[in-house]
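Asks: Handing over query28.txt, compact mmCIF, C-alpha atoms and all ligand atoms.
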```txt
# COMPACT_ATOMS: atom_id res chain seq x y z
CA MET A 1 -80.74 -40.76 -125.46
CA THR A 2 -81.64 -42.29 -122.09
CA ALA A 3 -83.34 -39.24 -120.58
CA GLY A 4 -86.40 -40.30 -118.66
CA LYS A 5 -85.98 -43.98 -119.49
CA VAL A 6 -87.73 -46.37 -117.16
CA ILE A 7 -87.54 -50.12 -116.70
CA GLU A 8 -90.79 -51.38 -115.29
CA LEU A 9 -91.83 -54.82 -114.08
CA ARG A 10 -95.53 -55.45 -113.75
CA GLY A 11 -96.88 -58.61 -112.18
CA VAL A 12 -93.84 -60.63 -113.18
CA GLN A 13 -94.19 -64.30 -112.46
CA GLN A 14 -91.61 -66.94 -113.25
CA ARG A 15 -92.37 -70.60 -113.06
CA PHE A 16 -90.18 -73.51 -114.02
CA HIS A 17 -91.24 -77.01 -114.85
CA ALA A 18 -90.16 -79.14 -111.94
CA ARG A 19 -90.68 -82.84 -111.99
CA GLY A 20 -91.28 -84.40 -108.62
CA THR A 21 -93.19 -81.46 -107.18
CA PRO A 22 -96.93 -81.85 -106.47
CA SER A 23 -97.90 -79.12 -108.94
CA GLY A 24 -95.30 -80.03 -111.55
CA TYR A 25 -93.73 -76.60 -111.41
CA LEU A 26 -91.79 -74.35 -109.12
CA THR A 27 -92.63 -70.68 -108.72
CA ALA A 28 -89.38 -68.73 -108.45
CA VAL A 29 -91.05 -65.30 -108.69
CA GLU A 30 -94.66 -64.92 -107.66
CA ASP A 31 -95.70 -61.38 -108.53
CA ALA A 32 -92.96 -58.76 -108.83
CA SER A 33 -93.75 -55.17 -109.71
CA PHE A 34 -91.34 -52.27 -109.48
CA ARG A 35 -89.73 -49.60 -111.61
CA LEU A 36 -86.23 -48.31 -112.07
CA ASP A 37 -85.91 -44.71 -113.22
CA ALA A 38 -82.91 -43.40 -115.11
CA GLU A 39 -83.64 -39.95 -113.70
CA PRO A 40 -82.86 -39.16 -111.03
CA PRO A 41 -80.18 -41.86 -110.92
CA GLN A 42 -80.75 -44.14 -107.96
CA VAL A 43 -79.61 -47.28 -106.21
CA VAL A 44 -82.34 -49.82 -105.62
CA SER A 45 -81.36 -52.95 -103.73
CA LEU A 46 -83.20 -56.23 -103.91
CA VAL A 47 -82.40 -58.26 -100.83
CA GLY A 48 -83.47 -61.73 -99.79
CA GLN A 49 -82.13 -65.08 -98.77
CA SER A 50 -80.78 -67.68 -101.14
CA GLY A 51 -83.46 -69.08 -103.42
CA SER A 52 -85.86 -66.17 -102.93
CA GLY A 53 -85.95 -65.33 -106.63
CA LYS A 54 -83.44 -62.47 -106.89
CA SER A 55 -81.33 -63.79 -109.75
CA THR A 56 -84.43 -64.84 -111.63
CA ILE A 57 -85.62 -61.23 -111.51
CA ALA A 58 -82.19 -60.06 -112.71
CA ARG A 59 -82.46 -62.45 -115.64
CA ASN A 60 -85.98 -61.21 -116.41
CA VAL A 61 -84.74 -57.59 -116.40
CA LEU A 62 -81.76 -58.42 -118.58
CA GLY A 63 -84.01 -60.14 -121.08
CA LEU A 64 -82.31 -63.49 -120.50
CA GLN A 65 -85.48 -65.13 -119.23
CA LYS A 66 -88.97 -64.34 -120.46
CA PRO A 67 -91.40 -64.28 -117.53
CA THR A 68 -94.24 -66.79 -117.48
CA ALA A 69 -96.64 -63.93 -116.81
CA GLY A 70 -96.43 -60.16 -116.46
CA THR A 71 -94.27 -57.72 -118.38
CA VAL A 72 -90.88 -56.08 -118.31
CA THR A 73 -90.96 -52.82 -120.22
CA TYR A 74 -88.33 -50.27 -121.20
CA GLY A 75 -89.60 -46.86 -122.16
CA GLY A 76 -93.08 -48.41 -122.13
CA LYS A 77 -92.20 -51.21 -124.59
CA ASP A 78 -92.10 -54.91 -123.77
CA ILE A 79 -88.40 -55.81 -123.80
CA PHE A 80 -89.16 -59.17 -125.39
CA LYS A 81 -90.82 -57.45 -128.34
CA LEU A 82 -88.26 -54.77 -129.14
CA SER A 83 -87.15 -54.12 -132.69
CA ARG A 84 -83.53 -54.89 -133.52
CA ALA A 85 -82.49 -51.26 -133.03
CA GLU A 86 -84.44 -50.93 -129.77
CA HIS A 87 -82.97 -54.19 -128.53
CA ASP A 88 -79.44 -52.95 -129.29
CA GLU A 89 -80.17 -49.76 -127.39
CA TYR A 90 -81.46 -51.79 -124.44
CA ARG A 91 -78.38 -54.03 -124.47
CA ARG A 92 -76.18 -50.96 -124.44
CA ASN A 93 -78.10 -49.16 -121.71
CA VAL A 94 -78.71 -52.05 -119.34
CA GLN A 95 -75.43 -53.64 -118.33
CA PRO A 96 -74.95 -56.59 -116.00
CA VAL A 97 -72.34 -57.32 -113.38
CA PHE A 98 -72.44 -60.88 -112.08
CA GLN A 99 -71.15 -62.57 -108.99
CA ASP A 100 -68.31 -64.41 -110.65
CA PRO A 101 -66.58 -62.35 -113.32
CA TYR A 102 -64.27 -65.29 -114.02
CA SER A 103 -67.01 -66.90 -116.09
CA ILE A 104 -67.16 -63.82 -118.35
CA PHE A 105 -63.49 -64.05 -119.27
CA ASN A 106 -62.09 -66.52 -121.73
CA PRO A 107 -59.08 -68.00 -119.94
CA PHE A 108 -57.15 -68.21 -123.24
CA TYR A 109 -57.33 -64.49 -123.94
CA ARG A 110 -55.84 -61.52 -122.16
CA VAL A 111 -58.30 -59.47 -120.10
CA ASP A 112 -57.86 -56.57 -122.54
CA ARG A 113 -60.16 -58.46 -124.90
CA VAL A 114 -63.26 -57.82 -122.77
CA LEU A 115 -62.60 -54.09 -123.03
CA TRP A 116 -61.68 -54.04 -126.71
CA LYS A 117 -64.78 -56.05 -127.53
CA ALA A 118 -66.90 -53.33 -125.89
CA VAL A 119 -65.04 -50.64 -127.86
CA LYS A 120 -65.68 -52.47 -131.12
CA LYS A 121 -69.19 -53.73 -130.48
CA PHE A 122 -70.48 -50.33 -129.46
CA ASP A 123 -68.28 -48.24 -131.80
CA LEU A 124 -66.78 -46.27 -128.93
CA ALA A 125 -63.67 -45.14 -130.79
CA THR A 126 -62.60 -44.41 -134.33
CA THR A 127 -58.90 -45.12 -133.92
CA ARG A 128 -56.88 -47.64 -131.92
CA GLU A 129 -55.20 -44.80 -129.99
CA GLN A 130 -58.57 -43.38 -129.05
CA GLY A 131 -59.78 -46.83 -127.94
CA LEU A 132 -56.67 -47.41 -125.85
CA ALA A 133 -56.97 -43.98 -124.23
CA MET A 134 -60.58 -44.78 -123.34
CA ILE A 135 -59.65 -48.17 -121.88
CA GLU A 136 -56.87 -46.63 -119.81
CA GLU A 137 -59.09 -43.86 -118.53
CA SER A 138 -61.77 -46.37 -117.51
CA LEU A 139 -59.28 -48.63 -115.75
CA GLN A 140 -58.01 -45.65 -113.79
CA ALA A 141 -61.58 -44.68 -112.91
CA VAL A 142 -61.91 -48.01 -111.08
CA SER A 143 -58.50 -47.67 -109.41
CA LEU A 144 -56.72 -50.16 -111.66
CA ASP A 145 -53.30 -49.41 -113.06
CA PRO A 146 -53.48 -50.06 -116.84
CA GLY A 147 -49.79 -50.98 -116.86
CA ARG A 148 -50.43 -53.74 -114.33
CA VAL A 149 -53.58 -55.31 -115.71
CA LEU A 150 -53.43 -54.92 -119.50
CA GLY A 151 -51.70 -57.85 -121.15
CA ARG A 152 -52.55 -60.22 -118.30
CA TYR A 153 -54.63 -63.36 -118.38
CA PRO A 154 -57.71 -63.67 -116.13
CA HIS A 155 -56.05 -66.14 -113.76
CA GLN A 156 -53.24 -63.64 -113.20
CA LEU A 157 -55.64 -61.16 -111.62
CA SER A 158 -57.41 -61.31 -108.29
CA GLY A 159 -61.20 -61.68 -108.09
CA GLY A 160 -61.45 -58.03 -107.05
CA GLN A 161 -59.37 -56.92 -110.04
CA ARG A 162 -61.46 -59.02 -112.44
CA GLN A 163 -64.63 -57.55 -110.98
CA ARG A 164 -63.24 -54.02 -111.41
CA ILE A 165 -62.43 -54.77 -115.05
CA MET A 166 -66.15 -55.37 -115.48
CA LEU A 167 -66.74 -52.01 -113.82
CA ALA A 168 -64.22 -50.41 -116.19
CA ARG A 169 -66.24 -51.86 -119.05
CA ILE A 170 -69.34 -50.24 -117.58
CA HIS A 171 -67.47 -46.97 -117.17
CA MET A 172 -66.68 -47.07 -120.91
CA LEU A 173 -70.24 -47.83 -121.93
CA ARG A 174 -71.96 -45.39 -119.54
CA PRO A 175 -75.24 -47.32 -119.50
CA ALA A 176 -78.30 -45.79 -117.88
CA PHE A 177 -78.82 -48.95 -115.79
CA VAL A 178 -76.51 -51.42 -114.07
CA ILE A 179 -77.99 -54.75 -112.99
CA ALA A 180 -75.58 -56.05 -110.37
CA ASP A 181 -76.34 -59.60 -109.19
CA GLU A 182 -74.40 -60.42 -106.01
CA PRO A 183 -71.34 -58.65 -107.41
CA VAL A 184 -69.45 -58.41 -104.13
CA SER A 185 -70.27 -61.65 -102.38
CA MET A 186 -66.93 -63.19 -103.40
CA LEU A 187 -64.86 -60.16 -102.41
CA ASP A 188 -63.22 -59.36 -99.08
CA ALA A 189 -64.48 -56.46 -96.99
CA GLN A 190 -62.00 -53.88 -98.24
CA ILE A 191 -62.41 -54.62 -101.93
CA ARG A 192 -66.16 -54.88 -101.39
CA LYS A 193 -66.23 -51.32 -100.06
CA MET A 194 -64.14 -50.12 -102.99
CA PHE A 195 -66.54 -51.77 -105.42
CA LEU A 196 -69.60 -50.20 -103.75
CA ASP A 197 -67.91 -46.78 -103.72
CA ILE A 198 -67.29 -47.07 -107.47
CA LEU A 199 -70.97 -47.86 -108.04
CA LEU A 200 -71.91 -44.81 -105.98
CA ASP A 201 -69.41 -42.72 -108.03
CA PHE A 202 -71.07 -43.99 -111.20
CA GLN A 203 -74.43 -42.88 -109.86
CA ARG A 204 -73.16 -39.43 -108.88
CA ASP A 205 -70.76 -38.71 -111.74
CA HIS A 206 -72.32 -40.55 -114.66
CA GLY A 207 -75.99 -40.72 -113.71
CA MET A 208 -76.25 -44.50 -113.62
CA THR A 209 -79.12 -46.24 -111.85
CA THR A 210 -78.24 -49.55 -110.22
CA LEU A 211 -80.39 -52.52 -109.31
CA PHE A 212 -78.22 -54.13 -106.65
CA ILE A 213 -79.06 -57.73 -105.83
CA THR A 214 -77.73 -59.19 -102.63
CA HIS A 215 -78.45 -61.40 -99.63
CA ASP A 216 -76.40 -59.08 -97.42
CA LEU A 217 -78.22 -56.32 -95.57
CA SER A 218 -75.06 -54.58 -94.39
CA THR A 219 -74.14 -53.95 -98.04
CA VAL A 220 -77.63 -52.54 -98.63
CA TYR A 221 -77.21 -50.28 -95.64
CA TYR A 222 -73.88 -48.98 -96.98
CA LEU A 223 -75.33 -48.22 -100.41
CA GLY A 224 -78.41 -46.42 -99.12
CA GLY A 225 -81.16 -45.44 -101.54
CA GLN A 226 -84.18 -47.69 -101.83
CA VAL A 227 -84.56 -51.33 -100.90
CA MET A 228 -87.00 -54.09 -101.75
CA VAL A 229 -87.11 -57.20 -99.58
CA ILE A 230 -88.02 -60.43 -101.35
CA ASN A 231 -89.15 -63.66 -99.74
CA LYS A 232 -90.14 -66.77 -101.69
CA GLY A 233 -90.63 -64.83 -104.87
CA VAL A 234 -92.74 -62.10 -103.32
CA ILE A 235 -91.57 -58.54 -102.61
CA VAL A 236 -92.76 -58.23 -99.03
CA GLU A 237 -91.46 -54.79 -98.12
CA ARG A 238 -89.96 -51.76 -99.86
CA GLY A 239 -88.93 -48.21 -99.09
CA PRO A 240 -85.93 -46.04 -98.23
CA VAL A 241 -83.13 -48.16 -96.78
CA THR A 242 -82.99 -46.24 -93.51
CA SER A 243 -86.67 -46.62 -92.70
CA VAL A 244 -86.90 -50.26 -93.80
CA MET A 245 -83.87 -51.13 -91.69
CA HIS A 246 -84.74 -49.05 -88.65
CA THR A 247 -88.46 -49.74 -88.61
CA PRO A 248 -89.06 -52.93 -90.57
CA SER A 249 -92.73 -53.70 -90.92
CA HIS A 250 -92.57 -57.24 -92.27
CA PRO A 251 -91.55 -60.20 -90.06
CA TYR A 252 -89.25 -61.51 -92.80
CA THR A 253 -87.33 -58.21 -92.86
CA ARG A 254 -86.95 -58.45 -89.09
CA LEU A 255 -85.67 -62.00 -89.51
CA LEU A 256 -83.10 -60.82 -92.06
CA LEU A 257 -82.02 -58.04 -89.72
CA ASP A 258 -81.66 -60.51 -86.86
CA SER A 259 -79.38 -62.58 -89.09
CA ILE A 260 -76.65 -59.93 -89.14
CA PRO A 261 -73.91 -61.02 -86.72
CA GLN A 262 -72.48 -58.26 -84.55
CA PRO A 263 -68.71 -58.00 -84.09
CA ASP A 264 -69.07 -57.76 -80.30
CA PRO A 265 -67.63 -60.55 -78.12
CA ASP A 266 -70.00 -59.55 -75.28
CA ASN A 267 -72.98 -59.88 -77.54
CA ARG A 268 -72.52 -63.30 -79.10
CA TRP A 269 -74.75 -64.38 -81.90
CA THR A 270 -76.84 -67.04 -80.25
CA THR A 271 -80.15 -66.60 -82.04
CA ARG A 272 -81.12 -69.63 -84.07
CA ILE A 273 -82.33 -68.60 -87.49
CA LYS A 274 -85.08 -70.72 -88.96
CA VAL A 275 -84.76 -70.95 -92.70
CA ASP A 276 -87.95 -72.20 -94.24
CA ASP A 277 -87.02 -72.92 -97.81
CA GLU A 278 -88.57 -76.32 -98.28
CA GLU A 279 -90.85 -74.99 -100.98
CA SER A 280 -88.14 -73.08 -102.78
CA LEU A 281 -85.78 -76.02 -102.98
CA PRO A 282 -85.18 -77.14 -106.54
CA PRO A 283 -86.17 -80.69 -107.31
CA SER A 284 -83.41 -83.27 -107.07
CA ASP A 285 -83.30 -83.58 -110.86
CA SER A 286 -83.08 -79.85 -111.36
CA GLN A 287 -80.75 -80.20 -114.36
CA GLU A 288 -83.74 -81.33 -116.31
CA VAL A 289 -85.83 -78.35 -115.33
CA THR A 290 -86.65 -76.08 -118.23
CA PRO A 291 -88.12 -72.59 -118.26
CA ILE A 292 -91.75 -72.22 -119.31
CA ILE A 293 -91.77 -69.47 -121.93
N1 LIG B 1 -83.65 -72.51 -114.65
C1 LIG B 1 -84.21 -72.93 -113.52
N2 LIG B 1 -84.87 -74.10 -113.47
C2 LIG B 1 -85.46 -74.50 -112.35
N3 LIG B 1 -85.47 -73.84 -111.19
C3 LIG B 1 -84.85 -72.69 -111.17
C4 LIG B 1 -84.18 -72.16 -112.32
N4 LIG B 1 -83.62 -70.95 -111.98
C5 LIG B 1 -83.93 -70.76 -110.69
N5 LIG B 1 -84.66 -71.79 -110.21
C6 LIG B 1 -85.19 -71.93 -108.85
O1 LIG B 1 -85.91 -70.75 -108.57
C7 LIG B 1 -85.71 -70.37 -107.21
C8 LIG B 1 -85.16 -68.97 -107.17
O2 LIG B 1 -83.82 -69.00 -107.70
P1 LIG B 1 -82.93 -67.70 -107.80
O3 LIG B 1 -81.62 -68.10 -108.38
O4 LIG B 1 -83.70 -66.64 -108.49
O5 LIG B 1 -82.76 -67.30 -106.27
P2 LIG B 1 -81.76 -66.27 -105.59
O6 LIG B 1 -82.55 -65.51 -104.61
O7 LIG B 1 -81.03 -65.51 -106.64
O8 LIG B 1 -80.77 -67.26 -104.85
P3 LIG B 1 -79.16 -67.14 -104.66
O9 LIG B 1 -78.94 -65.93 -103.82
O10 LIG B 1 -78.81 -68.42 -103.96
O11 LIG B 1 -78.57 -67.03 -106.04
C9 LIG B 1 -84.80 -71.40 -106.59
O12 LIG B 1 -85.59 -72.36 -105.93
C10 LIG B 1 -84.11 -72.01 -107.79
O13 LIG B 1 -83.72 -73.34 -107.54
```
Please, can you express the file's structure as structure tokens?
Ligand SMILES: Nc1ncnc2c1ncn2[C@@H]1O[C@H](COP(=O)(O)OP(=O)(O)OP(=O)(O)O)[C@@H](O)[C@H]1O

Replies:
Amino acid sequence: MTAGKVIELRGVQQRFHARGTPSGYLTAVEDASFRLDAEPPQVVSLVGQSGSGKSTIARNVLGLQKPTAGTVTYGGKDIFKLSRAEHDEYRRNVQPVFQDPYSIFNPFYRVDRVLWKAVKKFDLATTREQGLAMIEESLQAVSLDPGRVLGRYPHQLSGGQRQRIMLARIHMLRPAFVIADEPVSMLDAQIRKMFLDILLDFQRDHGMTTLFITHDLSTVYYLGGQVMVINKGVIVERGPVTSVMHTPSHPYTRLLLDSIPQPDPDNRWTTRIKVDDEESLPPSDSQEVTPII
């Protein structure tokens, strides 16, 4: 069903009304164009500092925010103009993982509910036994013991366990694309590595393509694949991770690389990093900012 599917962004621009700014708006994404191919499955990272427009792009791709200009297409069709059936297919094939899985869970329900909802919504099983077997298999695929997590409430699990439940959900759905927005920034180093390894397993074993959004270049380096560097809403550099990181051509990429502290007491991190985000700061009354659509 997903063979050859492509998500493509062309000239995506996202502005928000912003009172108090000279122009009356804030440009979160200036002009983003890239494509994600389902085949061959790949990992494409989007890296940039806070406020550079990464999450806005994730929201554009997920169809949660209609760009002010430009298009996001899936299989050549504008995702904001899909028929009901096409939209359902998109929702099934493009799955998000967010930074804080806690917000996905309802604290009053056991975590099982997130998984059962996926089984029901997407008709993954015909019997309860079949559904349970699928849930257990997916939990095991992300190194969770079903006996230890099923029946628990979200607050009874660690952040890493909650995040892996979201991965188990993805394992059940087998989407063509995973849009992962800072999924590991709240996890410790060991769990972070486990999470990244699972994403790489998904790519290898289940043919999933991931758009991995992060501010952390070391994570990008670990994942490999392709990388796009974004600065103030503009993709300033892109290419294979190894070449972008070993021979960066854009000054901003070099700045990001200089920002990685080295665990070497003889080589202390003394460089002062200048962060120029005056223009990307939200206005002080940002609660009142509304998207232009
Ligand atoms: N709904 C909104 N209304 C107004 N401004 C917004 C809105 N969403 C994002 N912005 C602004 O757009 C810019 C880009 O935000 P975005 O969240 O995409 O950045 P980011 O790179 O994901 O940052 P972070 O890593 O801190 O999440 C920021 O200046 C942000 O304040």

Asks: Which polymer residues have any atom within 10 Å of an atom of A:Ser138, counting only C-alpha atoms, with same-chain residues fewer than 3 positions away left out, as a list in words?

Replies: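 Once the nearby chain positions are removed, what remains is Leu115, Leu132, Ala133, Met134, Ile135, Ala141, Val142, Ser143, Leu144, Pro146, Arg164, Ile165, Leu167, Ala168, Arg169, Ile170, His171, Met172 and Leu173 of chain A.
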
Asks: So that I have them on file, write out the residues from the current selection with C-alpha atoms, as a compact mmCIF listing (two decimals), in the coordinates of the input.

Replies:
```txt
# COMPACT_ATOMS: atom_id res chain seq x y z
CA LEU A 115 -62.60 -54.09 -123.03
CA LEU A 132 -56.67 -47.41 -125.85
CA ALA A 133 -56.97 -43.98 -124.23
CA MET A 134 -60.58 -44.78 -123.34
CA ILE A 135 -59.65 -48.17 -121.88
CA ALA A 141 -61.58 -44.68 -112.91
CA VAL A 142 -61.91 -48.01 -111.08
CA SER A 143 -58.50 -47.67 -109.41
CA LEU A 144 -56.72 -50.16 -111.66
CA PRO A 146 -53.48 -50.06 -116.84
CA ARG A 164 -63.24 -54.02 -111.41
CA ILE A 165 -62.43 -54.77 -115.05
CA LEU A 167 -66.74 -52.01 -113.82
CA ALA A 168 -64.22 -50.41 -116.19
CA ARG A 169 -66.24 -51.86 -119.05
CA ILE A 170 -69.34 -50.24 -117.58
CA HIS A 171 -67.47 -46.97 -117.17
CA MET A 172 -66.68 -47.07 -120.91
CA LEU A 173 -70.24 -47.83 -121.93
```

Asks: Between A:Val119, A:Met208, A:Leu124, A:Val29, which one has atoms that come closest to A:Pro67, using all atoms listed in the file?

Replies: A:Val29

Asks: Restricting the calculation to only C-alpha atoms: of A:Ser103, A:Thr253, A:Thr247, A:Thr73, which residue gets closest to A:Gly48?

Replies: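 Looking only at the distances to A:Gly48, the closest residue turns out to be A:Thr253.
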
Asks: Name all residues at most 10 Å from A:Thr56 (count all atoms listed in the file; drop same-chain ones fewer than 6 positions away) and give them as a VMD selection string.

Replies: chain A and resid 13 to 15 28 to 29 62 64 to 67 181 233

Asks: May I ask which of the residues A:Tyr109, A:Phe34, A:Phe98, A:Phe80 is the closest one to ligand LIG 1 (chain B), counting all atoms listed in the file?

Replies: A:Phe98

Asks: Using all atoms listed in the file, which of A:Gln161, A:Ser52, A:Gln130, A:Gln190 sits nearest ligand LIG 1 (chain B)?

Replies: A:Ser52

Asks: Pick from A:His206, A:Tyr222, A:Ala180, A:Arg128: nearest to A:Met194, with only C-alpha atoms counted?

Replies: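 Nearest to A:Met194: A:Tyr222.
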
Asks: Within 10 Å of A:Gln156, counting all atoms listed in the file, which residues qualify if same-chain residues fewer than 5 places away don't, as a PyMOL selection string?

Replies: chain A and resi 107+110-111+149+151+161-162
